[in-house]
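What follows is one structure encoded as structure tokens, with my remarks underneath.
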Amino acid sequence: MNKNSSNIMALAPNTSNKRETVCIFGTGDFGRALGHKMIQSGYPVVYGSRSTQISNLVPKDAEVLSHAEAAQKAAIIIIAIQRQHYNFLIPLAEILRGKVLVDISNNLKLNQYPESNAEYLAQLLPGSRVVKAFNTVSAWALQSGTLDASRQVFVCGDDMEAKQMVMNIVRALGLTPLDKGTLSAAQEIENYPLQLFPMWKFPIFLSLGLTVFFFFYCLALDVIYTYIYEKNNFSFFIAITIPNRVCPVMALILLALVYLPGIFAAIIQLYRGTKYRRFPDWLDKWMLCRKQLGLIALAFASLHVVFTLVTPMRAFVSWRTSKGIISQALNNKTEPLDKTNAWISDSYLALGILGFFLFVLLGITSLPSVSNNVNWREFRFVQSKLGYLALIFCTAHTLVYGGKWFLSPSAYKWYLPNIYMLSLVIPCAVLVVKFVLIFPCVDKPLTQIRQGWERNPKHSE
Amino acid sequence: MNKNSSNIMALAPNTSNKRETVCIFGTGDFGRALGHKMIQSGYPVVYGSRSTQISNLVPKDAEVLSHAEAAQKAAIIIIAIQRQHYNFLIPLAEILRGKVLVDISNNLKLNQYPESNAEYLAQLLPGSRVVKAFNTVSAWALQSGTLDASRQVFVCGDDMEAKQMVMNIVRALGLTPLDKGTLSAAQEIENYPLQLFPMWKFPIFLSLGLTVFFFFYCLALDVIYTYIYEKNNFSFFIAITIPNRVCPVMALILLALVYLPGIFAAIIQLYRGTKYRRFPDWLDKWMLCRKQLGLIALAFASLHVVFTLVTPMRAFVSWRTSKGIISQALNNKTEPLDKTNAWISDSYLALGILGFFLFVLLGITSLPSVSNNVNWREFRFVQSKLGYLALIFCTAHTLVYGGKWFLSPSAYKWYLPNIYMLSLVIPCAVLVVKFVLIFPCVDKPLTQIRQGWERNPKHSE
Amino acid sequence: MNKNSSNIMALAPNTSNKRETVCIFGTGDFGRALGHKMIQSGYPVVYGSRSTQISNLVPKDAEVLSHAEAAQKAAIIIIAIQRQHYNFLIPLAEILRGKVLVDISNNLKLNQYPESNAEYLAQLLPGSRVVKAFNTVSAWALQSGTLDASRQVFVCGDDMEAKQMVMNIVRALGLTPLDKGTLSAAQEIENYPLQLFPMWKFPIFLSLGLTVFFFFYCLALDVIYTYIYEKNNFSFFIAITIPNRVCPVMALILLALVYLPGIFAAIIQLYRGTKYRRFPDWLDKWMLCRKQLGLIALAFASLHVVFTLVTPMRAFVSWRTSKGIISQALNNKTEPLDKTNAWISDSYLALGILGFFLFVLLGITSLPSVSNNVNWREFRFVQSKLGYLALIFCTAHTLVYGGKWFLSPSAYKWYLPNIYMLSLVIPCAVLVVKFVLIFPCVDKPLTQIRQGWERNPKHSE
């Protein structure tokens with residue numbers, strides 16, 4: 001089969017009666033795993049290798065030839081070798097001319113080289129058509145068939161036809177190709193598998209910082225202050241009492257921080273009188289990590305719920321309860337039911353439960369498979385309307401619970417406000433401004449600005 | 001480039017070496033966002049606009065021309081303008097002849113116009129090939145790349161080839177096209193983004209109505225009755241006690257309502273002796289909203305669980321507990337452990353926990369991504385077998401918990417049955433009939449009917 | 001329309017202006033449901049039937065002809081009849097020559113026949129091009145449009161072009177085709193809808209067995225021993241106390257069993273000095289069901305959490321609490337707070353909560369839609385790093401909780417160790433060996449082996 005005919009065959013992948021032969025350069029882990037999968041899917045596979053002895057590791061239906069021979073057998077060549085060895089392809093440039101070269105390489109560090117591996121390959125072999133693909137798939141997942149991690153294969157390349165041929169192979173292997181555009185996207189694609197939750201970095205660091213701050217704030221006020229002034233060692237508060245103060249505070253603040261950028265955006269749009277100017281960069285970034293902030297808030301809220309529910313099981317709490325009951329019994333009197341207290345206790349519990357319930361609902365709708373099944377209006381309804389309702393319930397829960405401390409002087413140890421008061425600042429601010437923003441006289445111009453209907457003419461084209 | 005050649009190019013989208021040029025009429029939000037995304041994916045984009053001054057809002061790699069000039073450059077024209085302005089396209093009819101026009105418009109209300117926007121466009125320009133697409137995607141999501149809401153793009157149109165061309169673009173943008181058939185589906189597609197959980201409407205209204213009824217029923221019996229006859233103000237029951245009575249009742253009734261239509265269907269099929277006649281309309285609709293009913297039941301059950309778990313934290317409960325203990329202490333006696341009571345208390349808790357556990361399992365398997373990974377037999381096993389088991393556990397939980405009230409006269413305040421008894425009617429009926437239906441003498445003919453094997457010959461063709 | 005022209009049309013499915021006609025043999029449930037869906041998607045449908053009377057069950061836009069006539073009208077024929085009746089197709093062999101026959105049949109039992117139905121069909125009609133498809137889709141789901149169960153359609157066949165034609169139809173119906181290769185995969189595809197959680201079988205049987213063992217172990221030590229030696233009937237422990245001992249033990253052991261095979265694999269690789277030899281079969285299988293083991297462990301852990309949280313609501317527990325308080329009150333003394341006990345109680349609760357929190361996080365990331373959105377490095381970070389952290393927390397939780405029993409002789413009833421001690425064996429072993437494996441002197445060669453860099457030369461090619 002000469003080179004021409006193989007190219008012609010490749011040009012019509014869907015109408016040929018057989019799958020086109022694929023050549024793989026390199027018999028390393030990934031090369032073997034990919035070859036194995038391709039043979040399963042009906043592709044004839046030929047390996048290009050320095051040593052053409054048939055290794056028992058190479059899939060048994062595959063042919064092993066020299067690089068030059070193997071390349072001539074196929075229109076698509078998968079380069080399953082390290083970037084450092086790309087040089088050896090230069091002598092093969094003539095054979096590889098016009099062929100589709102699939103760069104599947106990954107680096108060990110983000111932006112390790114000035115240009116991406118795929119672009120480097122394209123520079124070395126300007127006559128070939130380089131496509132980046134498969135670098136996000138793991139050899140182990142390919143071989144074991146357990147594609148729990150992503151089925152998505154990012155593909156990019158300058159040659160449309162070459163890209164289509166590679167995407168057809170991707171589909172045939174049961175994976176989902178995602179066209180990322182020209183070869184200039186290769187850098188991003190090569191960085192992708194090296195990333196570790198890039199969208200989560202800022203929210204996680206922010207919440208870690210705040211958590212540490214609030215933890216030591218509570219430690220100072222609840223343990224150290226008590227130890228100094230009341231000579232009482234409550235160091236075991238570190239295990240549950242203090243975490244259960246920090247968690248709800250973090251949950252409430254982070255939930256408010258989810259809705260704060262929307263407030264800022266509305267104010268900026270109202271002030272500017274147009275939506276056709278970009279928001280400041282920090283606001284853009286903030287808006288893009290709202291989902292992450294919300295999910296971390298949900299995690300804190302869940303911890304708060306469980307920490308609260310184990311309360312009756314704590315040795316300290318049952319000791320305190322017994323002490324109260326025994327002292328009543330020894331004094332021969334039974335305190336009557338304090339109905340105000342019963343109302344307050346039941347109200348903040350109920351408010352907290354409803355707030356948490358809505359919060360969990362928000363979390364569930366942010367699961368990719370659920371949000372893929374709702375339309376834009378439904379998604380906005382849940383994330384905005386129900387989200388604000390959750391914020392209102394949670395703020396009310398905190399207000400009813402901690403309200404009594406506002407006026408009590410004992411709450412101001414070392415002249416510092418109680419942690420509840422600190423936690424209420426941002427949520428209350430968000431709710432108050434939002435309340436102002438839904439007044440018709442403010443809401444109407446804002447809606448018009450957002451529909452693009454009205455803008456100060458100075459900003460128009 | 002004349003019109004002919006651009007059409008020829010478009011006919012072979014997969015084999016041309018470059019992406020075909022796309023023209024966008026209108027430089028509004030969506031037009032710009034779509035153009036931006038298309039340029040990213042390698043499509044040359046040309047805008048048709050009244051003012052051909054280059055606006056700084058239009059993507060910088062795009063050309064801006066007059067409508068007529070822009071239309072001549074491309075085989076596909078995206079109509080990113082309001083339906084009210086479609087009239088201005090009539091003078092361009094000759095240039096647009098044979099072109100693919102993509103209608104992306106949305107309305108503000110359901111069924112706002114007698115015909116869909118896309119059909120209206122097709123009537124105005126009978127020589128063009130109109131395809132409806134992209135109307136469910138939001139401009140903001142396109143631009144920010146955070147396609148949390150649906151990646152699905154509904155496409156419809158009368159011309160197969162035009163539809164294929166549009167679907168190829170949709171795929172290239174990283175979205176998933178879903179072919180909805182001919183242009184007559186456009187009305188439905190245009191209504192889609194205006195819908196707010198249409199499948200949820202009936203279940204939500206039903207449960208809201210029942211919740212309100214049971215709330216006031218409990219309010220009357222637990223608060224008002226006590227206030228009138230025992231002069232005791234237990235108004236704080238509104239916060240937790242009453243919700244925690246209403247929630248389990250609602251969960252149990254709604255769960256039973258999930259399985260009731262299946263029972264009706266079986267009886268109807270047995271009676272008719274065939275499965276080849278349509279069920280009554282109300283039964284069809286009921287069967288289609290079983291998932292929603294079940295999920296609302298799960299929400300009520302979850303609330304019941306949390307409301308129950310906070311019980312020991314309530315001021316009223318700790319007051320009642322102390323009172324009991326103190327009165328024992330003051331009387332100098334310790335009551336022995338009532339083992340029957342211990343059995344009953346532990347049993348209903350355990351039954352409730354197991355029922356709730358199975359219920360959550362059902363909820364998890366109804367997540368789209370989980371149900372996509374099970375086969376039909378597994379899905380039916382979970383939803384039917386485990387679902388009935390959950391119903392049995394939950395009914396038993398309620399029976400064991402509330403059983404003692406059945407014979408106690410104090411449970412019939414104002415001659416009204418306790419809410420527990422009301423909640424048990426439907427679940428018990430479902431379980432009893434289901435029990436009858438699995439008897440071999442009933443199950444065998446039913447299975448045969450469902451396999452289509454046996455039917456009264458009068459209904460056959 | 002003669003056969004040739006219909007084939008030519010079919011060869012260019014994407015560029016023809018109309019959808020090609022599809023013929024369906026058989027007017028049973030599935031045939032009708034599929035035909036209905038196809039007409040909706042714009043395919044002209046013609047039925048082949050013995051009786052050509054127009055049945056009112058067949059979709060009204062479909063034509064009903066004799067088998068021979070219907071077959072001549074289309075290039076694709078869907079065989080919606082039982083395998084037992086395939087024989088009647090033999091006389092039609094000449095008409096069916098070159099046509100694409102889609103076998104959609106299912107069997108009632110796994111491996112019911114020596115060869116798959118599709119292969120049998122291909123043997124009967126060697127001139128036709130047989131494709132297996134649609135057998136995993138249910139007629140009811142097709143008709144009602146509620147494709148909650150899988151949207152995936154497995155397709156296999158020896159003829160590439162025929163397969164592509166069928167996959168195009170699958171896509172047009174809004175389903176996702178998945179190419180499983182040649183017709184030899186038909187057996188597997190036919191078995192798929194008959195399977196009931198095949199990957200779950202071993203983990204479920206293993207955990208059932210262990211659960212039964214531990215249940216009776218606890219029953220003997222807690223109920224029977226107490227009854228014999230202390231004449232106390234604590235049979236109600238069966239409902240909550242014993243399940244709440246078995247659940248945490250099962251959760252901990254199963255979680256450790258998730259990480260044990262990784263430890264074995266590391267030791268085997270270190271011993272062999274290469275990763276290029278297959279693991280023993282049992283280890284391979286074990287590694288493939290780690291996800292299932294982990295999820296079952298999570299189910300046990302969740303049950304443990306709820307069983308624990310209801311503790312204060314149990315009649316037995318409130319009786320025991322009252323008894324303790326009353327005896328203190330009657331003796332006129334209040335025990336001081338035991339701070340060591342407070343530390344221990346709070347620590348094991350906090351450790352358990354954190355361990356469970358991480359465990360739930362692991363569970364959420366194993367949802368298909370979540371794991372599809374993380375890259376391989378992130379997936380491994382969560383499943384490995386956070387997983388080990390969860391194991392450490394849960395083991396510490398058990399150690400702190402049960403630690404006091406290790407030295408207490410009363411814990412060795414009938415000379416048997418307490419169940420806590422049994423549960424700690426595997427987790428502690430896993431953690432100790434893992435700790436050894438992360439020492440640099442062990443970790444460095446292991447990492448090298450896993451990167452394929454270093455291996456004993458005797459194993460190389």
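Ordering of the structure tokens sets the chain letters (A, B, ...), residue numbers begin anew at 1 in every chain, and ligands are numbered from 1 in the order given.
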Practice prompt. Would you please extract all alpha helix (DSSP H) residues from region 56-158 of chain C, as assigned by DSSP on the backbone, and give them as a PyMOL selection string?
Written response: chain C and resi 67-72+93-96+117-124+139-144
Worksheet entry | After fitting chain A to chain B over every Cα pair taken in order, the RMSD | 0.1 Å
Fill in: Selection near Ile353 (chain B), 8 Å with only C-alpha atoms, sequence-local residues under 5 positions removed, as a PyMOL selection string
chain C and resi 303+306-307
Discussion item. At a cut-off of 7 Å, which residues of chain C touch chain A? Count only C-alpha atoms and give the answer as number ranges by chain.
Written reply: C: 11, 159-161, 164, 178-182, 309, 312, 325, 329, 334, 337, 341-343, 345-347, 350, 368-379, 461
Restricting it to C-alpha atoms, dump the selection as a PDB file, in the first residue's frame.
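As a result, result.pdb now contains:
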ATOM      1  CA  LEU C  11     -23.800   5.894   1.473  1.00  0.00           C
ATOM      2  CA  ASP C 159     -19.162  -3.666   8.531  1.00  0.00           C
ATOM      3  CA  MET C 160     -17.830  -0.195   9.323  1.00  0.00           C
ATOM      4  CA  GLU C 161     -20.138   1.605   6.940  1.00  0.00           C
ATOM      5  CA  GLN C 164     -21.864   4.273  10.861  1.00  0.00           C
ATOM      6  CA  LEU C 178     -21.054   3.647  21.713  1.00  0.00           C
ATOM      7  CA  ASP C 179     -19.069   1.582  19.240  1.00  0.00           C
ATOM      8  CA  LYS C 180     -18.156  -1.753  20.843  1.00  0.00           C
ATOM      9  CA  GLY C 181     -16.244  -3.117  17.849  1.00  0.00           C
ATOM     10  CA  THR C 182     -16.933  -6.164  15.708  1.00  0.00           C
ATOM     11  CA  LEU C 309     -27.428  10.339  66.369  1.00  0.00           C
ATOM     12  CA  PRO C 312     -30.570  10.179  72.930  1.00  0.00           C
ATOM     13  CA  ILE C 325     -28.789  11.318  87.616  1.00  0.00           C
ATOM     14  CA  ALA C 329     -29.305  13.170  93.456  1.00  0.00           C
ATOM     15  CA  THR C 334     -22.577  15.943  92.208  1.00  0.00           C
ATOM     16  CA  LEU C 337     -16.417  17.060  85.425  1.00  0.00           C
ATOM     17  CA  ASN C 341     -13.187  11.838  79.790  1.00  0.00           C
ATOM     18  CA  ALA C 342     -14.404  15.101  78.241  1.00  0.00           C
ATOM     19  CA  TRP C 343     -11.268  15.180  76.060  1.00  0.00           C
ATOM     20  CA  SER C 345     -15.410  11.921  74.301  1.00  0.00           C
ATOM     21  CA  ASP C 346     -14.981  15.115  72.299  1.00  0.00           C
ATOM     22  CA  SER C 347     -11.940  13.796  70.417  1.00  0.00           C
ATOM     23  CA  ALA C 350     -14.596  15.112  66.275  1.00  0.00           C
ATOM     24  CA  PRO C 368     -20.024   9.820  37.336  1.00  0.00           C
ATOM     25  CA  SER C 369     -20.864  13.419  36.525  1.00  0.00           C
ATOM     26  CA  VAL C 370     -18.403  14.762  39.065  1.00  0.00           C
ATOM     27  CA  SER C 371     -15.562  12.421  38.142  1.00  0.00           C
ATOM     28  CA  ASN C 372     -16.076  13.358  34.484  1.00  0.00           C
ATOM     29  CA  ASN C 373     -15.263  16.941  35.364  1.00  0.00           C
ATOM     30  CA  VAL C 374     -11.968  16.398  37.133  1.00  0.00           C
ATOM     31  CA  ASN C 375      -8.682  15.496  35.511  1.00  0.00           C
ATOM     32  CA  TRP C 376      -6.735  12.384  36.332  1.00  0.00           C
ATOM     33  CA  ARG C 377      -4.454  14.107  38.800  1.00  0.00           C
ATOM     34  CA  GLU C 378      -7.374  15.608  40.709  1.00  0.00           C
ATOM     35  CA  PHE C 379      -9.224  12.283  40.756  1.00  0.00           C
ATOM     36  CA  GLU C 461      12.249  -7.111  26.019  1.00  0.00           C
TER      37      GLU C 461
END
Worksheet item: Leaving out Leu386 (chain A) and any residue of its chain fewer than 3 positions from it, which residues lie within 10 Å of it when counting only C-alpha atoms, given as number ranges by chain?
Response: A: 355, 358-359, 361-362, 380-383, 389-392
Store the residues picked out above, limited to C-alpha atoms, as a PDB file, in the first residue's frame.
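Full text of again-v1.pdb as output:
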ATOM      1  CA  GLY A 355     -31.749  27.152  55.661  1.00  0.00           C
ATOM      2  CA  LEU A 358     -32.283  24.930  50.867  1.00  0.00           C
ATOM      3  CA  PHE A 359     -28.488  24.998  50.967  1.00  0.00           C
ATOM      4  CA  LEU A 361     -30.815  21.764  47.406  1.00  0.00           C
ATOM      5  CA  LEU A 362     -28.476  24.377  45.926  1.00  0.00           C
ATOM      6  CA  ARG A 380     -31.079  30.956  37.790  1.00  0.00           C
ATOM      7  CA  PHE A 381     -34.279  30.474  39.777  1.00  0.00           C
ATOM      8  CA  VAL A 382     -32.636  27.882  42.026  1.00  0.00           C
ATOM      9  CA  GLN A 383     -29.251  29.581  42.358  1.00  0.00           C
ATOM     10  CA  LEU A 389     -33.885  32.444  50.673  1.00  0.00           C
ATOM     11  CA  ALA A 390     -31.201  30.168  52.157  1.00  0.00           C
ATOM     12  CA  LEU A 391     -29.116  33.231  53.059  1.00  0.00           C
ATOM     13  CA  ILE A 392     -32.142  34.857  54.728  1.00  0.00           C
TER      14      ILE A 392
END
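Compared by their closest atoms to Phe202 (chain C), and using only C-alpha atoms, the residues C:Leu293, C:Ile419, C:Ile189, C:Leu298 rank with C:Leu293 nearest.
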Worksheet item: Could you pull the residues within 8 Å of region 246-253 of chain B, counting only C-alpha atoms, minus those fewer than 2 positions along the same chain, as a list of chain:residue names?
Response: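 In the requested format, the answer is B:Ser207, B:Leu210, B:Thr211, B:Phe214, B:Phe215, B:Cys218, B:Ile242, B:Pro243, B:Asn244, B:Leu255, B:Ala256, B:Leu257, B:Ile296, B:Ala297, B:Leu298, B:Ala299, B:Phe300, B:Ala301, B:Leu303, B:His304, B:Leu391, B:Cys394, B:Thr395, B:Ile419, B:Tyr420, B:Ser423, B:Leu424, B:Ile426, B:Pro427.
The smallest atom-to-atom distance between Gly402 (chain C) and any of C:Ile364, C:Leu288, C:Val430, C:Ile344, using only C-alpha atoms, is found for C:Ile344.
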Item to complete: Considering only C-alpha atoms, return as a ChimeraX atom specification whatever protein or nucleic-acid residues lie within 8 Å of Thr27 (chain C), sequence-local ones (same chain, fewer than 3 positions apart) excluded.
Response: /C:24,30-32,47-49,58,80
Fill in: Option closest in space to Val305 (chain C), from B:Trp140, B:Phe264, B:Trp286, B:Phe357 [counting only C-alpha atoms]
B:Phe357
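Atom pair CA of Lys109 (chain A) / CA of Pro445 (chain C) has a distance of 21.0 Å (rounded to one decimal).
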Worksheet entry | Nearest to Asp61 (chain C), chosen from C:Pro114, C:Ala74, C:Phe154, C:Gly35, with only C-alpha atoms counted in the distances | C:Gly35
